[in-house]
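**Q** Handing over work_28.txt, compact mmCIF, C-alpha atoms and all ligand atoms.
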# COMPACT_ATOMS: atom_id res chain seq x y z
CA MET A 1 5.44 40.24 18.88
CA LEU A 2 5.12 40.59 15.16
CA ILE A 3 4.53 44.32 14.73
CA GLY A 4 6.87 45.58 12.03
CA GLN A 5 8.72 42.26 11.74
CA GLU A 6 9.90 41.56 8.20
CA ILE A 7 8.83 38.09 7.05
CA THR A 8 9.18 36.49 3.62
CA VAL A 9 6.92 33.62 2.55
CA LEU A 10 8.03 31.31 -0.23
CA GLY A 11 5.05 30.16 -2.36
CA ALA A 12 1.61 31.70 -2.98
CA GLY A 13 -0.37 28.48 -2.57
CA ILE A 14 -3.02 27.81 0.06
CA GLY A 15 -0.57 27.56 2.97
CA GLY A 16 1.59 30.50 1.84
CA LEU A 17 -1.29 32.94 1.37
CA ALA A 18 -2.93 31.83 4.63
CA VAL A 19 0.21 32.28 6.74
CA ALA A 20 0.98 35.61 5.03
CA THR A 21 -2.52 36.86 5.90
CA ALA A 22 -2.34 35.59 9.50
CA LEU A 23 1.06 37.25 10.03
CA ALA A 24 0.10 40.55 8.38
CA GLN A 25 -3.13 40.70 10.40
CA ARG A 26 -0.91 40.54 13.52
CA GLY A 27 1.21 43.46 12.32
CA ALA A 28 4.11 41.83 10.43
CA GLN A 29 5.41 43.22 7.14
CA VAL A 30 4.98 40.29 4.80
CA ARG A 31 6.23 39.62 1.29
CA VAL A 32 5.27 36.49 -0.68
CA LEU A 33 7.58 35.22 -3.44
CA GLU A 34 5.92 33.02 -6.07
CA GLN A 35 7.63 31.28 -8.97
CA ALA A 36 4.64 31.45 -11.33
CA ASP A 37 4.01 34.57 -13.38
CA ALA A 38 0.34 34.65 -12.25
CA ILE A 39 -1.57 33.30 -9.28
CA ARG A 40 -3.69 30.63 -10.86
CA GLU A 41 -4.91 27.27 -9.73
CA VAL A 42 -5.57 24.04 -11.52
CA GLY A 43 -9.26 23.43 -12.22
CA ALA A 44 -10.07 21.03 -9.43
CA GLY A 45 -12.12 20.73 -6.30
CA LEU A 46 -11.03 20.80 -2.72
CA GLN A 47 -12.85 19.78 0.45
CA VAL A 48 -12.43 22.27 3.27
CA SER A 49 -13.37 20.25 6.34
CA PRO A 50 -14.39 21.88 9.66
CA ASN A 51 -10.80 21.87 11.00
CA GLY A 52 -9.74 24.01 8.00
CA ALA A 53 -12.94 26.08 7.97
CA VAL A 54 -12.28 27.30 11.55
CA VAL A 55 -9.01 28.81 10.34
CA MET A 56 -10.78 30.55 7.45
CA LYS A 57 -13.28 31.92 9.97
CA ALA A 58 -10.55 33.12 12.34
CA LEU A 59 -8.90 34.93 9.40
CA GLY A 60 -12.23 36.72 8.86
CA LEU A 61 -13.00 34.65 5.75
CA GLY A 62 -15.82 32.40 6.96
CA LYS A 63 -18.51 34.31 5.06
CA ALA A 64 -16.47 34.51 1.86
CA LEU A 65 -15.90 30.74 2.00
CA ALA A 66 -19.59 30.05 2.63
CA ALA A 67 -20.57 32.31 -0.29
CA ALA A 68 -18.16 30.61 -2.70
CA ALA A 69 -18.69 27.04 -1.59
CA PRO A 70 -21.83 25.23 -0.49
CA ARG A 71 -21.82 23.21 2.69
CA ALA A 72 -21.56 19.50 2.04
CA ARG A 73 -24.49 17.47 3.31
CA ALA A 74 -22.72 14.13 3.60
CA VAL A 75 -19.84 11.91 2.58
CA VAL A 76 -21.25 8.67 1.16
CA LEU A 77 -19.31 5.47 0.48
CA ARG A 78 -20.92 3.30 -2.22
CA ASP A 79 -20.41 -0.12 -3.73
CA PHE A 80 -18.71 0.30 -7.11
CA ARG A 81 -20.99 -1.88 -9.24
CA ARG A 82 -24.48 -1.29 -7.89
CA GLY A 83 -23.90 2.13 -6.38
CA ASP A 84 -25.62 1.03 -3.13
CA PRO A 85 -24.66 3.09 -0.07
CA VAL A 86 -22.29 1.26 2.29
CA PHE A 87 -21.71 4.11 4.73
CA ARG A 88 -23.03 7.65 5.09
CA LEU A 89 -21.30 10.25 7.22
CA ASP A 90 -23.97 12.86 7.78
CA LEU A 91 -22.45 16.32 7.91
CA ASP A 92 -25.75 18.18 8.26
CA ARG A 93 -26.20 17.37 11.91
CA ASP A 94 -22.87 19.01 12.65
CA ASP A 95 -22.68 22.72 13.43
CA ARG A 96 -19.15 22.72 12.03
CA PRO A 97 -19.34 23.49 8.29
CA TYR A 98 -17.72 21.23 5.69
CA HIS A 99 -17.32 22.96 2.29
CA LEU A 100 -16.84 21.71 -1.27
CA THR A 101 -14.79 24.42 -2.99
CA HIS A 102 -13.14 25.09 -6.31
CA ARG A 103 -9.39 25.51 -5.68
CA ALA A 104 -9.30 28.71 -7.74
CA ASP A 105 -12.06 30.23 -5.58
CA LEU A 106 -10.25 29.39 -2.33
CA ILE A 107 -6.98 30.83 -3.64
CA GLU A 108 -8.76 34.01 -4.77
CA ILE A 109 -10.34 34.49 -1.32
CA LEU A 110 -6.94 34.07 0.34
CA ARG A 111 -5.16 36.30 -2.19
CA GLN A 112 -7.66 39.13 -1.64
CA ALA A 113 -7.39 38.78 2.14
CA ALA A 114 -3.59 38.88 1.96
CA THR A 115 -3.67 42.03 -0.18
CA GLU A 116 -6.16 43.70 2.17
CA ALA A 117 -3.89 42.88 5.12
CA GLY A 118 -1.01 44.66 3.36
CA VAL A 119 0.91 41.63 2.02
CA THR A 120 2.87 42.19 -1.20
CA VAL A 121 3.08 39.32 -3.68
CA GLU A 122 6.01 39.17 -6.11
CA LEU A 123 5.46 36.91 -9.11
CA GLY A 124 8.07 35.24 -11.34
CA ARG A 125 10.43 34.79 -8.36
CA LYS A 126 11.66 31.21 -8.58
CA VAL A 127 13.96 30.24 -5.74
CA GLU A 128 16.61 27.69 -6.64
CA ALA A 129 18.41 27.23 -3.33
CA VAL A 130 17.84 28.04 0.34
CA THR A 131 20.33 28.16 3.22
CA THR A 132 19.81 29.30 6.80
CA ASP A 133 21.73 30.04 10.01
CA ASP A 134 20.96 31.81 13.27
CA SER A 135 21.12 35.28 11.73
CA ALA A 136 19.48 34.99 8.28
CA THR A 137 18.03 32.84 5.53
CA THR A 138 19.56 33.27 2.10
CA LEU A 139 17.53 32.65 -1.06
CA ARG A 140 19.22 32.16 -4.42
CA PHE A 141 16.95 32.97 -7.37
CA ALA A 142 16.88 31.69 -10.93
CA GLY A 143 19.36 33.98 -12.71
CA GLY A 144 21.81 33.85 -9.80
CA SER A 145 20.81 36.84 -7.60
CA GLU A 146 20.63 36.32 -3.82
CA GLU A 147 18.78 37.88 -0.89
CA SER A 148 19.53 37.46 2.81
CA LEU A 149 16.39 37.80 4.92
CA PRO A 150 15.63 37.90 8.66
CA LEU A 151 12.85 35.26 8.58
CA VAL A 152 11.56 33.01 5.80
CA ILE A 153 8.62 30.59 5.74
CA GLY A 154 8.87 27.83 3.15
CA ALA A 155 5.36 27.14 1.84
CA ASP A 156 6.75 25.96 -1.50
CA GLY A 157 4.85 22.70 -1.79
CA LEU A 158 5.78 19.16 -2.75
CA GLN A 159 9.17 19.92 -4.36
CA SER A 160 10.17 22.34 -1.61
CA GLN A 161 13.60 23.95 -1.69
CA ALA A 162 13.06 25.09 1.91
CA ARG A 163 12.49 21.52 3.07
CA ALA A 164 15.77 20.47 1.46
CA ALA A 165 17.62 23.15 3.46
CA LEU A 166 16.45 21.72 6.82
CA ASN A 167 16.18 18.00 6.14
CA PRO A 168 18.49 15.48 4.51
CA ALA A 169 17.27 14.42 1.08
CA THR A 170 14.73 11.59 1.26
CA ARG A 171 13.39 9.67 -1.67
CA PRO A 172 9.62 9.35 -2.01
CA PHE A 173 8.36 5.91 -3.03
CA PHE A 174 5.70 5.05 -5.58
CA THR A 175 2.61 3.68 -3.79
CA GLY A 176 1.52 1.52 -6.75
CA GLN A 177 -1.41 3.87 -7.42
CA VAL A 178 -2.14 6.47 -10.06
CA ALA A 179 -4.88 9.10 -9.98
CA TRP A 180 -6.81 10.95 -12.65
CA ARG A 181 -8.53 14.24 -12.04
CA CYS A 182 -10.99 16.20 -14.13
CA THR A 183 -13.99 18.48 -13.81
CA ILE A 184 -17.10 17.80 -15.88
CA PRO A 185 -19.81 20.42 -16.61
CA LEU A 186 -23.19 19.41 -15.17
CA ASP A 187 -26.63 20.12 -16.59
CA ALA A 188 -28.46 19.68 -13.31
CA ALA A 189 -27.96 22.47 -10.80
CA ASP A 190 -29.90 20.38 -8.26
CA THR A 191 -27.09 17.84 -7.71
CA ALA A 192 -26.90 17.00 -3.98
CA PRO A 193 -23.95 18.66 -2.25
CA GLU A 194 -22.41 15.35 -1.20
CA ALA A 195 -18.99 13.83 -1.66
CA THR A 196 -19.37 10.28 -2.96
CA VAL A 197 -16.77 7.50 -3.03
CA HIS A 198 -17.52 4.47 -5.24
CA MET A 199 -15.26 1.71 -3.89
CA GLY A 200 -14.17 -1.10 -6.21
CA PRO A 201 -11.46 -3.78 -6.19
CA GLY A 202 -8.15 -1.97 -6.64
CA ARG A 203 -9.93 1.25 -7.66
CA HIS A 204 -12.11 4.01 -6.30
CA ILE A 205 -13.59 7.22 -7.61
CA VAL A 206 -14.50 10.35 -5.65
CA THR A 207 -17.06 12.78 -7.07
CA TYR A 208 -18.61 15.96 -5.74
CA PRO A 209 -20.30 19.02 -7.24
CA LEU A 210 -18.70 22.47 -7.31
CA ARG A 211 -20.04 26.02 -7.70
CA GLY A 212 -23.65 25.17 -6.90
CA GLY A 213 -23.72 22.22 -9.29
CA GLU A 214 -22.04 23.83 -12.34
CA LEU A 215 -19.25 21.26 -12.34
CA MET A 216 -18.63 17.75 -11.03
CA ASN A 217 -15.17 17.24 -9.56
CA VAL A 218 -13.70 13.79 -10.19
CA VAL A 219 -10.65 12.08 -8.69
CA ALA A 220 -10.25 8.45 -9.74
CA VAL A 221 -7.58 6.13 -8.33
CA GLU A 222 -6.31 2.85 -9.74
CA GLU A 223 -3.67 0.42 -8.46
CA ARG A 224 -0.93 -0.15 -11.03
CA ASP A 225 2.45 -1.84 -11.19
CA GLY A 226 3.72 0.76 -13.59
CA TRP A 227 5.20 4.01 -12.48
CA ALA A 228 3.71 7.38 -13.39
CA ALA A 229 5.28 10.78 -12.89
CA GLU A 230 4.62 12.82 -9.77
CA GLY A 231 3.07 16.20 -10.57
CA TRP A 232 -0.42 17.30 -11.39
CA ASN A 233 -0.39 18.43 -14.96
CA HIS A 234 0.24 15.36 -17.13
CA LYS A 235 -2.59 14.97 -19.63
CA ASP A 236 -4.07 11.54 -20.27
CA ARG A 237 -6.61 10.20 -22.74
CA PRO A 238 -10.19 10.14 -21.36
CA GLU A 239 -10.74 6.69 -22.99
CA ILE A 240 -8.13 5.21 -20.65
CA LEU A 241 -9.98 6.57 -17.61
CA ARG A 242 -13.31 5.30 -18.98
CA ALA A 243 -11.86 1.83 -19.63
CA ALA A 244 -10.47 1.62 -16.07
CA PHE A 245 -13.95 2.25 -14.62
CA ALA A 246 -16.03 0.44 -17.27
CA ASP A 247 -17.50 -2.00 -14.71
CA PHE A 248 -18.60 0.75 -12.31
CA ALA A 249 -22.24 1.82 -11.72
CA PRO A 250 -24.09 3.48 -14.65
CA GLU A 251 -23.99 6.92 -13.00
CA ILE A 252 -20.19 6.78 -12.99
CA ARG A 253 -19.93 5.45 -16.55
CA ASP A 254 -22.32 8.18 -17.79
CA LEU A 255 -20.35 10.86 -16.00
CA LEU A 256 -16.97 9.71 -17.33
CA PHE A 257 -18.40 9.48 -20.84
CA ARG A 258 -18.59 13.29 -20.74
CA ALA A 259 -15.00 13.85 -19.55
CA ASP A 260 -12.93 15.53 -22.24
CA GLN A 261 -9.77 16.73 -20.49
CA VAL A 262 -8.20 14.49 -17.88
CA TYR A 263 -4.92 14.58 -15.99
CA LEU A 264 -3.01 11.63 -14.55
CA TRP A 265 -0.36 11.52 -11.87
CA GLY A 266 1.49 8.94 -9.82
CA LEU A 267 0.88 8.84 -6.07
CA PHE A 268 4.05 8.86 -4.00
CA ARG A 269 4.59 8.66 -0.26
CA HIS A 270 6.98 11.09 1.36
CA PRO A 271 8.11 10.98 4.96
CA VAL A 272 6.95 13.82 7.22
CA ALA A 273 9.88 16.26 7.63
CA LYS A 274 11.95 15.74 10.81
CA THR A 275 12.82 19.41 11.24
CA TRP A 276 10.14 22.05 10.66
CA GLY A 277 12.05 25.12 11.79
CA GLN A 278 15.70 26.00 12.31
CA GLY A 279 17.82 29.14 12.13
CA ARG A 280 15.61 31.68 10.37
CA LEU A 281 13.53 29.26 8.31
CA ALA A 282 10.30 27.32 8.95
CA LEU A 283 8.25 24.95 6.77
CA LEU A 284 4.54 24.48 6.37
CA GLY A 285 1.95 22.64 4.28
CA ASP A 286 3.11 20.14 1.67
CA ALA A 287 6.70 21.33 2.18
CA ALA A 288 6.60 19.73 5.67
CA HIS A 289 4.15 16.84 5.21
CA PRO A 290 3.01 15.89 1.70
CA THR A 291 0.07 13.51 1.96
CA LEU A 292 -1.89 11.18 -0.27
CA PRO A 293 -5.29 12.66 -1.24
CA PHE A 294 -7.40 9.87 0.38
CA LEU A 295 -8.52 11.90 3.38
CA ALA A 296 -8.76 15.31 1.64
CA GLN A 297 -6.54 16.93 4.27
CA GLY A 298 -3.47 18.44 2.56
CA ALA A 299 -4.91 21.94 2.27
CA ASN A 300 -6.66 21.68 5.63
CA MET A 301 -3.37 20.81 7.33
CA ALA A 302 -1.72 23.75 5.52
CA LEU A 303 -4.41 26.09 6.92
CA GLU A 304 -3.94 24.68 10.43
CA ASP A 305 -0.14 25.04 10.17
CA ALA A 306 -0.49 28.64 8.99
CA TRP A 307 -2.54 29.61 12.03
CA VAL A 308 -0.33 27.80 14.57
CA LEU A 309 2.93 29.14 13.13
CA ALA A 310 1.68 32.76 13.02
CA ASP A 311 0.39 32.39 16.57
CA ALA A 312 3.67 30.90 17.86
CA LEU A 313 5.75 33.67 16.23
CA ASP A 314 3.41 36.24 17.76
CA GLN A 315 3.38 34.74 21.27
CA GLU A 316 7.03 33.76 21.72
CA ASP A 317 9.89 36.24 22.24
CA HIS A 318 12.44 34.17 20.35
CA ILE A 319 12.21 32.60 16.92
CA ALA A 320 13.81 29.35 18.15
CA THR A 321 11.18 28.87 20.88
CA ALA A 322 8.40 29.76 18.44
CA PHE A 323 9.67 27.06 16.07
CA THR A 324 9.86 24.51 18.90
CA ARG A 325 6.29 25.30 19.94
CA TYR A 326 5.04 25.15 16.35
CA GLN A 327 6.62 21.76 15.66
CA ALA A 328 5.44 20.36 19.01
CA LEU A 329 1.84 21.37 18.24
CA ARG A 330 1.81 20.14 14.66
CA LYS A 331 4.11 17.24 13.86
CA THR A 332 2.35 14.38 15.68
CA ARG A 333 -1.07 15.43 14.39
CA CYS A 334 0.11 15.77 10.79
CA ALA A 335 1.92 12.41 10.92
CA ARG A 336 -1.31 10.78 12.16
CA ILE A 337 -3.33 12.34 9.34
CA VAL A 338 -0.77 11.34 6.70
CA ASP A 339 -0.87 7.72 8.00
CA ALA A 340 -4.67 7.64 8.09
CA ALA A 341 -4.82 8.92 4.51
CA SER A 342 -2.44 6.17 3.35
CA ARG A 343 -4.54 3.47 5.04
CA ASN A 344 -7.78 4.73 3.48
CA ALA A 345 -6.81 3.49 0.01
CA GLU A 346 -6.54 -0.09 1.34
CA ASN A 347 -10.00 0.17 2.88
CA TYR A 348 -11.54 1.50 -0.33
CA HIS A 349 -9.85 -1.05 -2.61
CA LEU A 350 -10.86 -4.36 -0.97
CA ARG A 351 -11.26 -7.29 -3.40
CA PRO A 352 -14.64 -9.09 -3.56
CA GLY A 353 -14.76 -11.91 -1.00
CA PRO A 354 -15.66 -12.60 2.61
CA TYR A 355 -13.37 -9.93 4.06
CA ARG A 356 -14.83 -7.17 1.85
CA ALA A 357 -18.39 -8.34 2.56
CA ALA A 358 -17.75 -8.34 6.34
CA ALA A 359 -16.06 -4.93 6.25
CA HIS A 360 -18.92 -3.37 4.28
CA LEU A 361 -21.53 -4.99 6.53
CA ALA A 362 -19.78 -3.62 9.63
CA LEU A 363 -19.78 -0.12 8.11
CA LYS A 364 -23.47 -0.38 7.16
CA LEU A 365 -24.55 -1.68 10.57
CA GLY A 366 -22.40 0.83 12.43
CA ALA A 367 -23.91 3.73 10.49
CA ARG A 368 -27.47 2.43 10.99
CA LEU A 369 -27.33 1.32 14.63
CA ALA A 370 -25.10 4.00 16.04
CA PRO A 371 -24.86 6.94 13.64
CA ASN A 372 -23.40 9.24 16.29
CA LEU A 373 -20.71 6.74 17.12
CA ALA A 374 -19.83 6.44 13.43
CA ALA A 375 -19.62 10.23 13.08
CA ASN A 376 -17.61 10.52 16.32
CA ARG A 377 -14.86 8.40 14.75
CA PHE A 378 -13.86 11.54 12.85
CA ASP A 379 -13.92 13.91 15.82
CA TRP A 380 -10.14 13.77 16.26
CA LEU A 381 -9.83 15.04 12.70
CA TYR A 382 -12.71 17.44 12.06
CA GLY A 383 -13.27 18.57 15.67
CA HIS A 384 -9.70 19.86 16.07
CA ASP A 385 -9.74 23.66 16.38
CA VAL A 386 -6.28 25.22 16.26
CA THR A 387 -7.76 28.69 16.69
CA ALA A 388 -9.09 27.77 20.16
CA ARG A 389 -5.54 27.42 21.49
CA ARG A 390 -4.94 31.14 21.88
C1 LIG A 401 -6.21 15.42 -6.52
C2 LIG A 401 -5.96 16.10 -5.24
C3 LIG A 401 -7.05 16.41 -4.48
C4 LIG A 401 -6.87 17.05 -3.28
N1 LIG A 401 -7.97 17.32 -2.56
C5 LIG A 401 -7.82 17.93 -1.38
C6 LIG A 401 -8.95 18.23 -0.58
O1 LIG A 401 -10.09 17.94 -0.96
N2 LIG A 401 -8.75 18.84 0.63
C7 LIG A 401 -7.49 19.16 1.05
O2 LIG A 401 -7.36 19.69 2.18
N3 LIG A 401 -6.39 18.90 0.31
C8 LIG A 401 -6.52 18.31 -0.88
N4 LIG A 401 -5.42 18.06 -1.64
C9 LIG A 401 -4.08 18.44 -1.16
C10 LIG A 401 -3.80 19.94 -1.31
O3 LIG A 401 -4.06 20.36 -2.62
C11 LIG A 401 -2.36 20.29 -0.97
O4 LIG A 401 -1.98 19.61 0.20
C12 LIG A 401 -2.23 21.81 -0.74
O5 LIG A 401 -2.43 22.48 -1.97
C13 LIG A 401 -0.87 22.18 -0.17
O6 LIG A 401 -0.78 23.56 -0.04
P1 LIG A 401 0.65 24.25 0.03
O7 LIG A 401 0.39 25.70 0.18
O8 LIG A 401 1.50 23.56 1.02
O9 LIG A 401 1.33 23.94 -1.38
P2 LIG A 401 0.86 24.35 -2.82
O10 LIG A 401 -0.59 24.65 -2.86
O11 LIG A 401 1.44 23.32 -3.74
O12 LIG A 401 1.61 25.75 -3.11
C14 LIG A 401 3.01 25.85 -3.27
C15 LIG A 401 3.30 27.15 -4.00
O13 LIG A 401 4.70 27.38 -3.99
C16 LIG A 401 5.13 27.75 -5.29
N5 LIG A 401 6.53 27.32 -5.42
C17 LIG A 401 6.97 26.05 -5.44
N6 LIG A 401 8.32 26.03 -5.57
C18 LIG A 401 8.72 27.31 -5.62
C19 LIG A 401 10.00 27.93 -5.76
N7 LIG A 401 11.12 27.19 -5.86
N8 LIG A 401 10.08 29.28 -5.79
C20 LIG A 401 8.94 30.05 -5.67
N9 LIG A 401 7.69 29.51 -5.55
C21 LIG A 401 7.59 28.16 -5.51
C22 LIG A 401 4.19 27.00 -6.21
O14 LIG A 401 4.16 27.56 -7.51
C23 LIG A 401 2.86 27.12 -5.46
O15 LIG A 401 2.18 28.30 -5.79
C24 LIG A 401 -5.56 17.40 -2.84
C25 LIG A 401 -4.45 17.10 -3.62
C26 LIG A 401 -4.65 16.44 -4.80
C27 LIG A 401 -3.44 16.09 -5.61
If you took the structure in this file and wrote it as structure tokens, what would it be?
Ligand SMILES: Cc1cc2nc3c(=O)[nH]c(=O)nc-3n(C[C@H](O)[C@H](O)[C@H](O)COP(=O)(O)OP(=O)(O)OC[C@H]3O[C@@H](n4cnc5c(N)ncnc54)[C@H](O)[C@@H]3O)c2cc1C

**A**
Amino acid sequence: MLIGQEITVLGAGIGGLAVATALAQRGAQVRVLEQADAIREVGAGLQVSPNGAVVMKALGLGKALAAAAPRARAVVLRDFRRGDPVFRLDLDRDDRPYHLTHRADLIEILRQAATEAGVTVELGRKVEAVTTDDSATTLRFAGGSEESLPLVIGADGLQSQARAALNPATRPFFTGQVAWRCTIPLDAADTAPEATVHMGPGRHIVTYPLRGGELMNVVAVEERDGWAAEGWNHKDRPEILRAAFADFAPEIRDLLFRADQVYLWGLFRHPVAKTWGQGRLALLGDAAHPTLPFLAQGANMALEDAWVLADALDQEDHIATAFTRYQALRKTRCARIVDAASRNAENYHLRPGPYRAAAHLALKLGARLAPNLAANRFDWLYGHDVTARR
């Protein structure tokens, strides 16, 4: 039972705002503490796949999501040089919607929903240390003040303080890949709502339109020996991105020619947290299971976590049993998704040669001869509905 229960959420990102809304809608008194002095999002796209969209719908936000973000028609894998399609995952035939959103739009939908549900958001509240025991979780803030709270949810992302309180320090390792991101204004509002992956040796580039074709979202990945910093906001020179993809199809070269502000970051692998809840503290989203972006599932997993954790706290009489149920329902699935995302880069980056030719032929034939079978390969991922487990 959550009615009147005081719950504090650390972090006003996608997972934090979603869990705050889900808890407040069930009657909890929820406060969100955010380090930034405003809720703003980086200018980038985000794919909300059907498994995340069902959570938005269950929160009462299905229509708002559909209004802000068109449904994607397909995900298409293409050869890097000629741009020929190698595999097409048709999303139109599916009654489960797959959306291409702007991150800022998704955050704004969630922020409004949280406010309407009675959640208060406190900005400029950077937490520097977290400890927990069976009676309370204590947060220490920048400046030295402390608060002891009955229940805290750590949705504080990649560099989570909450994760550190429950799990021994682990060191992420550099995957040998860096990624650029940028958005590029489009002239043509009639761009097909499709996510496209051009796959080249040691490199791939993902593009999809946002806001009805106003912008093209670009994420480009290159294998590198050198190390680059983790974190999303390191600027890079557009010429370096253009040079890395100079042998790609003309449509990619033309697009990148118009990029004027690009960001670069190093891709690191982190282990999935061993402990997701203990004492009076639970983790969700990137705080529990940071993932590489190659399956577009980080935010979708955060939405799923938010629903399952709110539901477990509502259904169970004791916090400890709610945490056990939450971890049991989530950890294996998230570990599988994180692994699948890591393997995707290898599949995209095959070098020219017989193995690449055979792999691409198998994908092409599979999609042509048995399109349903090809689409069904993703059922475990997109067909998972955490809101049906009530
Ligand atoms: C290029 C790229 C593309 C991606 N594309 C997709 C996609 O298409 N689909 C998808 O599902 N996922 C995608 N992801 C992953 C997704 O963005 C993340 O997994 C998701 O944002 C995680 O949500 P979160 O709420 O756990 O953390 P975050 O969104 O990172 O939010 C954490 C919040 O906590 C706050 N915070 C952190 N530390 C503190 C502190 N000490 N005190 C107070 N506040 C704090 C932060 O300021 C932030 O607001 C992508 C990621 C990248 C890098």

**Q** Have a look at CA of Asp260 (chain A) and CA of Leu292 (chain A) and let me know their distance in Å, one decimal.

**A**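 CA of Leu292 (chain A) lies 25.0 Å from CA of Asp260 (chain A).
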
**Q** Please identify all protein, DNA and RNA residues within 6 Å of ligand LIG 401 (chain A), counting all atoms listed in the file, and report them as a count of residues only.

**A** 34

**Q** At most 7 Å is the cut-off: for each residue in region 167-189 of chain A with any atom that close to an atom of region 270-282 of chain A, write down the nearest atom pair and the distance in Å rounded to one decimal, counting only C-alpha atoms, chain first then increasing number, as CSV.

**A**
residue,atom,partner,partner_atom,distance
A:Asn167,CA,A:Thr275,CA,6.3
A:Pro172,CA,A:His270,CA,4.6
A:Phe173,CA,A:His270,CA,6.9

**Q** When distances are computed from all atoms listed in the file, which of A:Gln177, A:Thr120, A:Thr324, A:Thr101 shows the smallest separation from Leu264 (chain A)?

**A**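 Nearest candidate to Leu264 (chain A) out of A:Gln177, A:Thr120, A:Thr324, A:Thr101: A:Gln177.
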
**Q** Nearest residue to Arg163 (chain A) out of A:Asn376, A:Thr131, A:Ala114, A:Thr138, using all atoms listed in the file?

**A**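 For Arg163 (chain A), the nearest of the candidates is A:Thr131.
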
**Q** Between A:Thr387, A:Glu194, A:Gly226, A:Gly45, which is the closest to Ala104 (chain A) once you count all atoms listed in the file?

**A** A:Gly45
